[in-house]
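Here's the structure, in structure tokens; my notes come after.
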Amino acid sequence: MSSPDAGHPPSTVADTDRRTMVLESAIATFARFGYRKTSMEEVARAAHISRPGLYFLFSSKETLFRAAVTQALDRDITAVEQVLADSGRPLSERLVEAFDQWAGRYIGPLTRDVATVIEDNPDLLGEIVETTPRRFEELITDAIAVESGREAALSVAQTMISASIGLKHQAASREFYLERLAVAIGLLVR
């Protein structure tokens with residue numbers, strides 16, 4: 001049974017695809033205008049759906065926002081898990097790609113604002129703003145531990161995450177972010 005805040009659960013594959021598309025449009029709209037200035041009408045327009053259709057899927061802007069951010073974070077974590085699981089590639093390559101999946105996609109003129117919208121509205125999102133970054137740290141730590149031992153892995157992972165956060169705020173482009181991050185990872189992982 002779904003919670004009253006969950007909106008209506010999708011009943012078919014087409015409904016799931018439509019819901020996914022609406023959530024992708026919503027996160028882009030929230031990133032563009034910010035949470036407070038985004039209206040359900042703007043999200044509906046961006047998603048090419050009627051406003052009543054949007055309200056059928058999501059009972060409120062808060063529910064829509066929570067679902068959009070949850071979908072984005074779940075997608076990011078799944079991508080990170082897949083990248084890090086590919087043990088046939090060098091660790092440094094996998095780490096750069098994992099950080100790209102986690103943070104790199106949020107660098108640029110519009111997408112930079114996605115992280116800001118999430119950071120500015122933690123009360124709307126609940127525990128996911130803590131549990132998902134913690135899961136990312138665990139994945140990075142575990143990947144490093146396989147090659148360099150558990151003892152140093154946590155501090156190396158935390159240093160990489162700090163470097164990523166700093167670079168994210170400096171980077172004008174995803175390419176710049178990835179180039180600098182590759183240097184940092186190369187220094188931390190041998």
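Each chain in the structure tokens gets a letter, A, B and so on, in the order shown; residues start at 1 in every chain, and ligands are counted from 1 in the order they appear.
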
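All residues of protein, DNA or RNA that reach within 9 Å of A:Ala67, judged by only C-alpha atoms and not counting those fewer than 4 positions away in the chain, are A:Ala6, A:Leu23, A:Phe58, A:Glu62, A:Thr63, A:Gln71, A:Ala72, A:Leu125.
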
- Item | Close residues, A:Arg190 itself excluded, 12 Å, only C-alpha atoms, min 2 positions apart in chain, as a PyMOL selection string | chain A and resi 90-93+144+147-148+156+183-188

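Among A:Arg36, A:Arg150, A:His48, A:Arg135, the residue with the shortest atom-to-atom distance to A:Ile77, counting only C-alpha atoms, is A:Arg135.
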
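Comparing the minimum interatomic distances between A:Asp76 and each of A:Gly88, A:Gly104, A:Gly166, A:Gly126, counting only C-alpha atoms, we find that A:Gly104 sits nearest.
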
- Task: Using only C-alpha atoms, determine which residues lie at most 9 Å from A:Ala163, disregarding the query and same-chain residues fewer than 4 positions distant; provide the list as a PyMOL selection string.
- Result: chain A and resi 158-159+167-168+181+184

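For the residues A:Arg89, A:Val96, A:Thr78, A:Val189, ranking by smallest atom-to-atom distance to A:Phe136 using only C-alpha atoms places A:Thr78 first.
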